[in-house]
$ cat target10.cif   # mmCIF, N, CA and C atoms
data_structure
#
loop_
_atom_site.group_PDB
_atom_site.id
_atom_site.type_symbol
_atom_site.label_atom_id
_atom_site.label_comp_id
_atom_site.auth_asym_id
_atom_site.auth_seq_id
_atom_site.Cartn_x
_atom_site.Cartn_y
_atom_site.Cartn_z
ATOM 1 N N MET A 14 87.141 -24.620 -52.752
ATOM 2 C CA MET A 14 88.151 -25.053 -51.819
ATOM 3 C C MET A 14 89.227 -25.788 -52.610
ATOM 4 N N ASP A 15 90.457 -25.315 -52.522
ATOM 5 C CA ASP A 15 91.557 -25.922 -53.251
ATOM 6 C C ASP A 15 92.209 -27.003 -52.400
ATOM 7 N N THR A 16 92.060 -28.227 -52.834
ATOM 8 C CA THR A 16 92.670 -29.344 -52.117
ATOM 9 C C THR A 16 93.741 -29.997 -52.975
ATOM 10 N N THR A 17 94.303 -29.230 -53.915
ATOM 11 C CA THR A 17 95.313 -29.777 -54.819
ATOM 12 C C THR A 17 96.510 -30.323 -54.059
ATOM 13 N N ALA A 18 97.021 -29.572 -53.087
ATOM 14 C CA ALA A 18 98.190 -30.028 -52.317
ATOM 15 C C ALA A 18 97.870 -31.317 -51.574
ATOM 16 N N ALA A 19 96.683 -31.401 -50.991
ATOM 17 C CA ALA A 19 96.296 -32.620 -50.281
ATOM 18 C C ALA A 19 96.152 -33.778 -51.249
ATOM 19 N N ALA A 20 95.657 -33.501 -52.466
ATOM 20 C CA ALA A 20 95.495 -34.557 -53.460
ATOM 21 C C ALA A 20 96.838 -35.130 -53.882
ATOM 22 N N ASP A 21 97.897 -34.319 -53.781
ATOM 23 C CA ASP A 21 99.237 -34.820 -54.081
ATOM 24 C C ASP A 21 99.711 -35.813 -53.020
ATOM 25 N N ILE A 22 99.216 -35.662 -51.807
ATOM 26 C CA ILE A 22 99.612 -36.545 -50.707
ATOM 27 C C ILE A 22 98.657 -37.732 -50.596
ATOM 28 N N PHE A 23 97.368 -37.459 -50.640
ATOM 29 C CA PHE A 23 96.342 -38.490 -50.516
ATOM 30 C C PHE A 23 95.663 -38.665 -51.868
ATOM 31 N N SER A 24 95.737 -39.842 -52.411
ATOM 32 C CA SER A 24 95.167 -40.071 -53.733
ATOM 33 C C SER A 24 93.658 -40.297 -53.686
ATOM 34 N N ASP A 25 93.136 -40.568 -52.536
ATOM 35 C CA ASP A 25 91.715 -40.885 -52.394
ATOM 36 C C ASP A 25 90.920 -39.633 -52.020
ATOM 37 N N GLU A 26 89.993 -39.249 -52.885
ATOM 38 C CA GLU A 26 89.156 -38.061 -52.651
ATOM 39 C C GLU A 26 88.338 -38.208 -51.367
ATOM 40 N N LYS A 27 87.944 -39.419 -51.033
ATOM 41 C CA LYS A 27 87.177 -39.638 -49.805
ATOM 42 C C LYS A 27 88.011 -39.285 -48.581
ATOM 43 N N VAL A 28 89.272 -39.675 -48.576
ATOM 44 C CA VAL A 28 90.152 -39.388 -47.438
ATOM 45 C C VAL A 28 90.333 -37.874 -47.301
ATOM 46 N N VAL A 29 90.582 -37.202 -48.413
ATOM 47 C CA VAL A 29 90.753 -35.743 -48.386
ATOM 48 C C VAL A 29 89.491 -35.080 -47.838
ATOM 49 N N THR A 30 88.338 -35.532 -48.287
ATOM 50 C CA THR A 30 87.074 -34.947 -47.843
ATOM 51 C C THR A 30 86.823 -35.219 -46.357
ATOM 52 N N LEU A 31 87.144 -36.412 -45.892
ATOM 53 C CA LEU A 31 86.980 -36.723 -44.468
ATOM 54 C C LEU A 31 87.890 -35.853 -43.603
ATOM 55 N N ILE A 32 89.119 -35.646 -44.047
ATOM 56 C CA ILE A 32 90.034 -34.769 -43.307
ATOM 57 C C ILE A 32 89.479 -33.353 -43.264
ATOM 58 N N CYS A 33 88.984 -32.886 -44.398
ATOM 59 C CA CYS A 33 88.416 -31.529 -44.453
ATOM 60 C C CYS A 33 87.175 -31.405 -43.570
ATOM 61 N N LEU A 34 86.335 -32.441 -43.547
ATOM 62 C CA LEU A 34 85.160 -32.427 -42.659
ATOM 63 C C LEU A 34 85.577 -32.329 -41.198
ATOM 64 N N GLY A 35 86.604 -33.077 -40.830
ATOM 65 C CA GLY A 35 87.107 -33.016 -39.462
ATOM 66 C C GLY A 35 87.643 -31.642 -39.122
ATOM 67 N N ALA A 36 88.382 -31.054 -40.054
ATOM 68 C CA ALA A 36 88.923 -29.707 -39.818
ATOM 69 C C ALA A 36 87.807 -28.686 -39.703
ATOM 70 N N ALA A 37 86.793 -28.793 -40.548
ATOM 71 C CA ALA A 37 85.662 -27.861 -40.486
ATOM 72 C C ALA A 37 84.937 -27.988 -39.151
ATOM 73 N N THR A 38 84.787 -29.208 -38.676
ATOM 74 C CA THR A 38 84.138 -29.446 -37.382
ATOM 75 C C THR A 38 84.953 -28.827 -36.254
ATOM 76 N N ALA A 39 86.249 -29.097 -36.258
ATOM 77 C CA ALA A 39 87.119 -28.577 -35.201
ATOM 78 C C ALA A 39 87.184 -27.051 -35.226
ATOM 79 N N ALA A 40 87.021 -26.466 -36.405
ATOM 80 C CA ALA A 40 87.077 -25.006 -36.538
ATOM 81 C C ALA A 40 85.714 -24.347 -36.299
ATOM 82 N N ASN A 41 84.701 -25.150 -36.013
ATOM 83 C CA ASN A 41 83.336 -24.630 -35.824
ATOM 84 C C ASN A 41 82.843 -23.861 -37.047
ATOM 85 N N CYS A 42 83.240 -24.291 -38.238
ATOM 86 C CA CYS A 42 82.868 -23.580 -39.467
ATOM 87 C C CYS A 42 81.671 -24.273 -40.114
ATOM 88 N N ILE A 43 80.494 -23.790 -39.799
ATOM 89 C CA ILE A 43 79.266 -24.385 -40.326
ATOM 90 C C ILE A 43 79.195 -24.267 -41.850
ATOM 91 N N PRO A 44 79.484 -23.090 -42.451
ATOM 92 C CA PRO A 44 79.451 -23.022 -43.924
ATOM 93 C C PRO A 44 80.434 -23.998 -44.575
ATOM 94 N N CYS A 45 81.606 -24.164 -43.963
ATOM 95 C CA CYS A 45 82.588 -25.123 -44.488
ATOM 96 C C CYS A 45 82.019 -26.532 -44.438
ATOM 97 N N PHE A 46 81.452 -26.890 -43.287
ATOM 98 C CA PHE A 46 80.912 -28.238 -43.133
ATOM 99 C C PHE A 46 79.775 -28.471 -44.120
ATOM 100 N N GLU A 47 78.896 -27.487 -44.297
ATOM 101 C CA GLU A 47 77.779 -27.643 -45.232
ATOM 102 C C GLU A 47 78.292 -27.876 -46.648
ATOM 103 N N HIS A 48 79.289 -27.113 -47.058
ATOM 104 C CA HIS A 48 79.883 -27.280 -48.387
ATOM 105 C C HIS A 48 80.506 -28.676 -48.521
ATOM 106 N N LEU A 49 81.256 -29.071 -47.501
ATOM 107 C CA LEU A 49 81.943 -30.355 -47.542
ATOM 108 C C LEU A 49 80.977 -31.533 -47.426
ATOM 109 N N TYR A 50 79.864 -31.324 -46.761
ATOM 110 C CA TYR A 50 78.848 -32.369 -46.631
ATOM 111 C C TYR A 50 78.329 -32.757 -48.017
ATOM 112 N N GLU A 51 78.045 -31.763 -48.823
ATOM 113 C CA GLU A 51 77.595 -32.021 -50.194
ATOM 114 C C GLU A 51 78.706 -32.706 -50.999
ATOM 115 N N ARG A 52 79.918 -32.212 -50.837
ATOM 116 C CA ARG A 52 81.065 -32.801 -51.527
ATOM 117 C C ARG A 52 81.266 -34.261 -51.095
ATOM 118 N N ALA A 53 81.047 -34.536 -49.801
ATOM 119 C CA ALA A 53 81.199 -35.891 -49.280
ATOM 120 C C ALA A 53 80.202 -36.841 -49.940
ATOM 121 N N HIS A 54 78.965 -36.393 -50.074
ATOM 122 C CA HIS A 54 77.958 -37.227 -50.734
ATOM 123 C C HIS A 54 78.343 -37.484 -52.185
ATOM 124 N N ASN A 55 78.820 -36.442 -52.861
ATOM 125 C CA ASN A 55 79.238 -36.587 -54.252
ATOM 126 C C ASN A 55 80.432 -37.534 -54.393
ATOM 127 N N ALA A 56 81.264 -37.605 -53.359
ATOM 128 C CA ALA A 56 82.433 -38.494 -53.379
ATOM 129 C C ALA A 56 82.052 -39.927 -53.006
ATOM 130 N N GLY A 57 80.799 -40.139 -52.596
ATOM 131 C CA GLY A 57 80.340 -41.479 -52.266
ATOM 132 C C GLY A 57 80.485 -41.869 -50.810
ATOM 133 N N LEU A 58 80.731 -40.897 -49.952
ATOM 134 C CA LEU A 58 80.827 -41.196 -48.518
ATOM 135 C C LEU A 58 79.443 -41.461 -47.946
ATOM 136 N N THR A 59 79.375 -42.358 -46.986
ATOM 137 C CA THR A 59 78.103 -42.676 -46.348
ATOM 138 C C THR A 59 77.842 -41.701 -45.195
ATOM 139 N N GLN A 60 76.599 -41.678 -44.752
ATOM 140 C CA GLN A 60 76.239 -40.861 -43.584
ATOM 141 C C GLN A 60 77.066 -41.276 -42.378
ATOM 142 N N LYS A 61 77.269 -42.581 -42.223
ATOM 143 C CA LYS A 61 78.037 -43.101 -41.090
ATOM 144 C C LYS A 61 79.483 -42.596 -41.147
ATOM 145 N N GLU A 62 80.088 -42.586 -42.316
ATOM 146 C CA GLU A 62 81.470 -42.100 -42.459
ATOM 147 C C GLU A 62 81.568 -40.604 -42.163
ATOM 148 N N ILE A 63 80.610 -39.842 -42.679
ATOM 149 C CA ILE A 63 80.594 -38.389 -42.454
ATOM 150 C C ILE A 63 80.415 -38.099 -40.965
ATOM 151 N N HIS A 64 79.454 -38.770 -40.360
ATOM 152 C CA HIS A 64 79.195 -38.572 -38.933
ATOM 153 C C HIS A 64 80.417 -38.985 -38.116
ATOM 154 N N GLY A 65 81.062 -40.068 -38.509
ATOM 155 C CA GLY A 65 82.254 -40.538 -37.808
ATOM 156 C C GLY A 65 83.379 -39.516 -37.833
ATOM 157 N N ALA A 66 83.587 -38.876 -38.984
ATOM 158 C CA ALA A 66 84.624 -37.843 -39.092
ATOM 159 C C ALA A 66 84.317 -36.668 -38.170
ATOM 160 N N ALA A 67 83.053 -36.261 -38.150
ATOM 161 C CA ALA A 67 82.654 -35.145 -37.284
ATOM 162 C C ALA A 67 82.798 -35.513 -35.810
ATOM 163 N N GLN A 68 82.418 -36.731 -35.447
ATOM 164 C CA GLN A 68 82.536 -37.176 -34.062
ATOM 165 C C GLN A 68 83.988 -37.249 -33.612
ATOM 166 N N LEU A 69 84.851 -37.771 -34.466
ATOM 167 C CA LEU A 69 86.268 -37.860 -34.138
ATOM 168 C C LEU A 69 86.856 -36.469 -33.920
ATOM 169 N N ALA A 70 86.513 -35.531 -34.798
ATOM 170 C CA ALA A 70 87.004 -34.159 -34.647
ATOM 171 C C ALA A 70 86.512 -33.550 -33.340
ATOM 172 N N SER A 71 85.281 -33.843 -32.972
ATOM 173 C CA SER A 71 84.730 -33.318 -31.724
ATOM 174 C C SER A 71 85.470 -33.868 -30.513
ATOM 175 N N VAL A 72 85.836 -35.139 -30.561
ATOM 176 C CA VAL A 72 86.585 -35.754 -29.462
ATOM 177 C C VAL A 72 87.960 -35.109 -29.328
ATOM 178 N N VAL A 73 88.636 -34.915 -30.468
ATOM 179 C CA VAL A 73 89.958 -34.281 -30.451
ATOM 180 C C VAL A 73 89.842 -32.857 -29.923
ATOM 181 N N LYS A 74 88.825 -32.140 -30.401
ATOM 182 C CA LYS A 74 88.643 -30.755 -29.962
ATOM 183 C C LYS A 74 88.354 -30.692 -28.465
ATOM 184 N N LYS A 75 87.552 -31.620 -27.962
ATOM 185 C CA LYS A 75 87.245 -31.640 -26.528
ATOM 186 C C LYS A 75 88.521 -31.885 -25.728
ATOM 187 N N GLY A 76 89.357 -32.792 -26.201
ATOM 188 C CA GLY A 76 90.630 -33.059 -25.530
ATOM 189 C C GLY A 76 91.518 -31.830 -25.508
ATOM 190 N N ALA A 77 91.559 -31.128 -26.630
ATOM 191 C CA ALA A 77 92.367 -29.909 -26.702
ATOM 192 C C ALA A 77 91.824 -28.853 -25.743
ATOM 193 N N HIS A 78 90.508 -28.756 -25.642
ATOM 194 C CA HIS A 78 89.903 -27.785 -24.727
ATOM 195 C C HIS A 78 90.224 -28.129 -23.273
ATOM 196 N N LEU A 79 90.163 -29.412 -22.944
ATOM 197 C CA LEU A 79 90.491 -29.829 -21.579
ATOM 198 C C LEU A 79 91.959 -29.542 -21.250
ATOM 199 N N ALA A 80 92.838 -29.751 -22.229
ATOM 200 C CA ALA A 80 94.259 -29.445 -22.017
ATOM 201 C C ALA A 80 94.455 -27.944 -21.821
ATOM 202 N N LEU A 81 93.753 -27.136 -22.606
ATOM 203 C CA LEU A 81 93.836 -25.683 -22.451
ATOM 204 C C LEU A 81 93.333 -25.264 -21.079
ATOM 205 N N LYS A 82 92.179 -25.793 -20.681
ATOM 206 C CA LYS A 82 91.612 -25.459 -19.367
ATOM 207 C C LYS A 82 92.573 -25.850 -18.255
ATOM 208 N N SER A 83 93.188 -27.004 -18.382
ATOM 209 C CA SER A 83 94.138 -27.466 -17.386
ATOM 210 C C SER A 83 95.342 -26.523 -17.301
ATOM 211 N N SER A 84 95.838 -26.082 -18.451
ATOM 212 C CA SER A 84 96.966 -25.146 -18.472
ATOM 213 C C SER A 84 96.593 -23.811 -17.838
ATOM 214 N N ILE A 85 95.388 -23.344 -18.118
ATOM 215 C CA ILE A 85 94.923 -22.083 -17.528
ATOM 216 C C ILE A 85 94.806 -22.232 -16.013
ATOM 217 N N ASP A 86 94.210 -23.344 -15.561
ATOM 218 C CA ASP A 86 94.084 -23.584 -14.118
ATOM 219 C C ASP A 86 95.451 -23.682 -13.454
ATOM 220 N N GLU A 87 96.401 -24.311 -14.140
ATOM 221 C CA GLU A 87 97.758 -24.430 -13.603
ATOM 222 C C GLU A 87 98.418 -23.059 -13.493
ATOM 223 N N LEU A 88 98.214 -22.243 -14.497
ATOM 224 C CA LEU A 88 98.792 -20.904 -14.505
ATOM 225 C C LEU A 88 98.148 -20.001 -13.460
ATOM 226 N N MET A 89 96.828 -20.033 -13.405
ATOM 227 C CA MET A 89 96.092 -19.099 -12.556
ATOM 228 C C MET A 89 95.628 -19.700 -11.247
ATOM 229 N N GLY A 90 95.627 -21.012 -11.167
ATOM 230 C CA GLY A 90 95.001 -21.665 -10.029
ATOM 231 C C GLY A 90 93.566 -21.963 -10.398
ATOM 232 N N SER A 91 93.016 -22.993 -9.839
ATOM 233 C CA SER A 91 91.632 -23.327 -10.154
ATOM 234 C C SER A 91 90.727 -22.250 -9.566
ATOM 235 N N PRO A 92 89.504 -22.133 -10.074
ATOM 236 C CA PRO A 92 88.592 -21.103 -9.558
ATOM 237 C C PRO A 92 88.399 -21.171 -8.049
ATOM 238 N N ASP A 93 88.490 -22.357 -7.464
ATOM 239 C CA ASP A 93 88.340 -22.502 -6.013
ATOM 240 C C ASP A 93 89.536 -21.921 -5.258
ATOM 241 N N GLU A 94 90.697 -21.900 -5.929
ATOM 242 C CA GLU A 94 91.916 -21.427 -5.280
ATOM 243 C C GLU A 94 92.153 -19.935 -5.455
ATOM 244 N N THR A 95 91.517 -19.321 -6.457
ATOM 245 C CA THR A 95 91.751 -17.898 -6.689
ATOM 246 C C THR A 95 90.994 -17.069 -5.676
ATOM 247 N N HIS A 96 91.537 -15.954 -5.373
ATOM 248 C CA HIS A 96 90.934 -15.055 -4.396
ATOM 249 C C HIS A 96 90.455 -13.799 -5.105
ATOM 250 N N ALA A 97 89.166 -13.539 -5.000
ATOM 251 C CA ALA A 97 88.592 -12.374 -5.671
ATOM 252 C C ALA A 97 89.162 -11.077 -5.119
ATOM 253 N N ALA A 98 89.668 -11.113 -3.898
ATOM 254 C CA ALA A 98 90.173 -9.886 -3.280
ATOM 255 C C ALA A 98 91.601 -9.552 -3.720
ATOM 256 N N GLU A 99 92.242 -10.421 -4.500
ATOM 257 C CA GLU A 99 93.602 -10.127 -4.942
ATOM 258 C C GLU A 99 93.597 -8.877 -5.808
ATOM 259 N N PRO A 100 94.560 -7.985 -5.617
ATOM 260 C CA PRO A 100 94.602 -6.783 -6.440
ATOM 261 C C PRO A 100 94.953 -7.128 -7.874
ATOM 262 N N ARG A 101 94.314 -6.411 -8.807
ATOM 263 C CA ARG A 101 94.604 -6.621 -10.218
ATOM 264 C C ARG A 101 95.850 -5.849 -10.596
ATOM 265 N N GLN A 102 96.653 -6.450 -11.423
ATOM 266 C CA GLN A 102 97.875 -5.813 -11.871
ATOM 267 C C GLN A 102 97.602 -5.033 -13.152
ATOM 268 N N PRO A 103 98.241 -3.873 -13.301
ATOM 269 C CA PRO A 103 98.046 -3.115 -14.532
ATOM 270 C C PRO A 103 98.663 -3.846 -15.718
ATOM 271 N N CYS A 104 98.008 -3.767 -16.866
ATOM 272 C CA CYS A 104 98.530 -4.437 -18.043
ATOM 273 C C CYS A 104 99.184 -3.447 -18.994
ATOM 274 N N GLY A 105 99.055 -2.172 -18.740
ATOM 275 C CA GLY A 105 99.653 -1.181 -19.624
ATOM 276 C C GLY A 105 98.656 -0.552 -20.574
ATOM 277 N N CYS A 106 97.415 -0.992 -20.550
ATOM 278 C CA CYS A 106 96.439 -0.386 -21.454
ATOM 279 C C CYS A 106 95.931 0.918 -20.846
ATOM 280 N N SER A 107 95.137 1.621 -21.594
ATOM 281 C CA SER A 107 94.634 2.900 -21.094
ATOM 282 C C SER A 107 93.129 2.860 -20.894
ATOM 283 N N SER A 108 92.602 1.680 -20.568
ATOM 284 C CA SER A 108 91.152 1.600 -20.405
ATOM 285 C C SER A 108 90.743 1.002 -19.075
ATOM 286 N N PRO A 109 91.137 1.639 -17.957
ATOM 287 C CA PRO A 109 90.648 1.133 -16.681
ATOM 288 C C PRO A 109 89.172 1.471 -16.523
ATOM 289 N N GLY A 110 88.520 0.754 -15.704
ATOM 290 C CA GLY A 110 87.116 1.067 -15.439
ATOM 291 C C GLY A 110 86.362 -0.186 -15.080
ATOM 292 N N PRO A 111 85.074 -0.045 -14.762
ATOM 293 C CA PRO A 111 84.293 -1.171 -14.297
ATOM 294 C C PRO A 111 84.142 -2.269 -15.352
ATOM 295 N N ALA A 112 84.124 -1.914 -16.652
ATOM 296 C CA ALA A 112 83.951 -2.929 -17.691
ATOM 297 C C ALA A 112 85.281 -3.605 -18.033
ATOM 298 N N SER A 113 86.367 -3.034 -17.567
ATOM 299 C CA SER A 113 87.684 -3.576 -17.873
ATOM 300 C C SER A 113 88.199 -4.396 -16.705
ATOM 301 N N ASN A 114 89.071 -5.338 -17.005
ATOM 302 C CA ASN A 114 89.689 -6.135 -15.956
ATOM 303 C C ASN A 114 91.068 -5.576 -15.634
ATOM 304 N N CYS A 115 91.296 -4.354 -16.024
ATOM 305 C CA CYS A 115 92.615 -3.743 -15.878
ATOM 306 C C CYS A 115 92.529 -2.512 -14.992
ATOM 307 N N THR A 116 93.630 -2.231 -14.328
ATOM 308 C CA THR A 116 93.662 -1.045 -13.471
ATOM 309 C C THR A 116 94.285 0.149 -14.180
ATOM 310 N N GLY A 117 94.626 -0.010 -15.446
ATOM 311 C CA GLY A 117 95.192 1.120 -16.198
ATOM 312 C C GLY A 117 96.677 1.102 -16.279
ATOM 313 N N ASN A 118 97.268 2.203 -16.699
ATOM 314 C CA ASN A 118 98.713 2.299 -16.863
ATOM 315 C C ASN A 118 99.420 2.212 -15.512
ATOM 316 N N PRO A 119 100.592 1.562 -15.498
ATOM 317 C CA PRO A 119 101.324 1.455 -14.228
ATOM 318 C C PRO A 119 101.857 2.805 -13.774
#
$ encode --input "target10.cif" --output "structure tokens"
Amino acid sequence: MDTTAAADIFSDEKVVTLICLGAATAANCIPCFEHLYERAHNAGLTQKEIHGAAQLASVVKKGAHLALKSSIDELMGSPDETHAAEPRQPCGCSSPGPASNCTGNP
């Protein structure tokens, strides 16, 4: 993992590693986190610091998910407000059918 650009901005290897741990957590990248976990120990980070970075990333990610869900509900209406009987609009694809959510070409 090349962190040269980050090292130019942050002089502390621990800070760079904590940022990378948070990004790996938010990206759901288990191999990344495993690699960075070892790197974190080598950099002298404590279990508490590593866990804290992962927890913070999880909180941010949860907030982003809630904002996305809210935007989707605003666009489409909440599940309670949508009507299953509404006709589906064609999207222009050529794969109508029971497994598709599309009615086919217009």
$ atom_distance --input "target10.cif" --atom1 "atom CA of A:Lys75" --atom2 "atom CA of A:Gly90"
20.8 Å
$ resolve_selection --input "target10.cif" --expression "the PyMOL selection byres ((chain A and resi 27-30) around 7)" --output "VMD selection string"
chain A and resid 19 to 20 23 to 26 31 to 35 49 52 to 53 56 to 58
$ write_last_selection --input "target10.cif" --atoms "N, CA and C atoms" --output "mmCIF file, in the frame of the given file"
data_model
loop_
_atom_site.group_PDB
_atom_site.id
_atom_site.type_symbol
_atom_site.label_atom_id
_atom_site.label_comp_id
_atom_site.auth_asym_id
_atom_site.auth_seq_id
_atom_site.Cartn_x
_atom_site.Cartn_y
_atom_site.Cartn_z
ATOM 1 N N ALA A 19 96.683 -31.401 -50.991
ATOM 2 C CA ALA A 19 96.296 -32.620 -50.281
ATOM 3 C C ALA A 19 96.152 -33.778 -51.249
ATOM 4 N N ALA A 20 95.657 -33.501 -52.466
ATOM 5 C CA ALA A 20 95.495 -34.557 -53.460
ATOM 6 C C ALA A 20 96.838 -35.130 -53.882
ATOM 7 N N PHE A 23 97.368 -37.459 -50.640
ATOM 8 C CA PHE A 23 96.342 -38.490 -50.516
ATOM 9 C C PHE A 23 95.663 -38.665 -51.868
ATOM 10 N N SER A 24 95.737 -39.842 -52.411
ATOM 11 C CA SER A 24 95.167 -40.071 -53.733
ATOM 12 C C SER A 24 93.658 -40.297 -53.686
ATOM 13 N N ASP A 25 93.136 -40.568 -52.536
ATOM 14 C CA ASP A 25 91.715 -40.885 -52.394
ATOM 15 C C ASP A 25 90.920 -39.633 -52.020
ATOM 16 N N GLU A 26 89.993 -39.249 -52.885
ATOM 17 C CA GLU A 26 89.156 -38.061 -52.651
ATOM 18 C C GLU A 26 88.338 -38.208 -51.367
ATOM 19 N N LEU A 31 87.144 -36.412 -45.892
ATOM 20 C CA LEU A 31 86.980 -36.723 -44.468
ATOM 21 C C LEU A 31 87.890 -35.853 -43.603
ATOM 22 N N ILE A 32 89.119 -35.646 -44.047
ATOM 23 C CA ILE A 32 90.034 -34.769 -43.307
ATOM 24 C C ILE A 32 89.479 -33.353 -43.264
ATOM 25 N N CYS A 33 88.984 -32.886 -44.398
ATOM 26 C CA CYS A 33 88.416 -31.529 -44.453
ATOM 27 C C CYS A 33 87.175 -31.405 -43.570
ATOM 28 N N LEU A 34 86.335 -32.441 -43.547
ATOM 29 C CA LEU A 34 85.160 -32.427 -42.659
ATOM 30 C C LEU A 34 85.577 -32.329 -41.198
ATOM 31 N N GLY A 35 86.604 -33.077 -40.830
ATOM 32 C CA GLY A 35 87.107 -33.016 -39.462
ATOM 33 C C GLY A 35 87.643 -31.642 -39.122
ATOM 34 N N LEU A 49 81.256 -29.071 -47.501
ATOM 35 C CA LEU A 49 81.943 -30.355 -47.542
ATOM 36 C C LEU A 49 80.977 -31.533 -47.426
ATOM 37 N N ARG A 52 79.918 -32.212 -50.837
ATOM 38 C CA ARG A 52 81.065 -32.801 -51.527
ATOM 39 C C ARG A 52 81.266 -34.261 -51.095
ATOM 40 N N ALA A 53 81.047 -34.536 -49.801
ATOM 41 C CA ALA A 53 81.199 -35.891 -49.280
ATOM 42 C C ALA A 53 80.202 -36.841 -49.940
ATOM 43 N N ALA A 56 81.264 -37.605 -53.359
ATOM 44 C CA ALA A 56 82.433 -38.494 -53.379
ATOM 45 C C ALA A 56 82.052 -39.927 -53.006
ATOM 46 N N GLY A 57 80.799 -40.139 -52.596
ATOM 47 C CA GLY A 57 80.340 -41.479 -52.266
ATOM 48 C C GLY A 57 80.485 -41.869 -50.810
ATOM 49 N N LEU A 58 80.731 -40.897 -49.952
ATOM 50 C CA LEU A 58 80.827 -41.196 -48.518
ATOM 51 C C LEU A 58 79.443 -41.461 -47.946
#
$ atom_distance --input "target10.cif" --atom1 "atom CA of A:Ala39" --atom2 "atom CA of A:His64"
13.3 Å
$ atom_distance --input "target10.cif" --atom1 "atom C of A:Thr38" --atom2 "atom C of A:Ile85"
23.5 Å
$ closest_residue --input "target10.cif" --among "A:Ala36, A:Met89, A:Cys45, A:Ile22" --to "A:Val73" --atoms "only C-alpha atoms"
A:Ala36
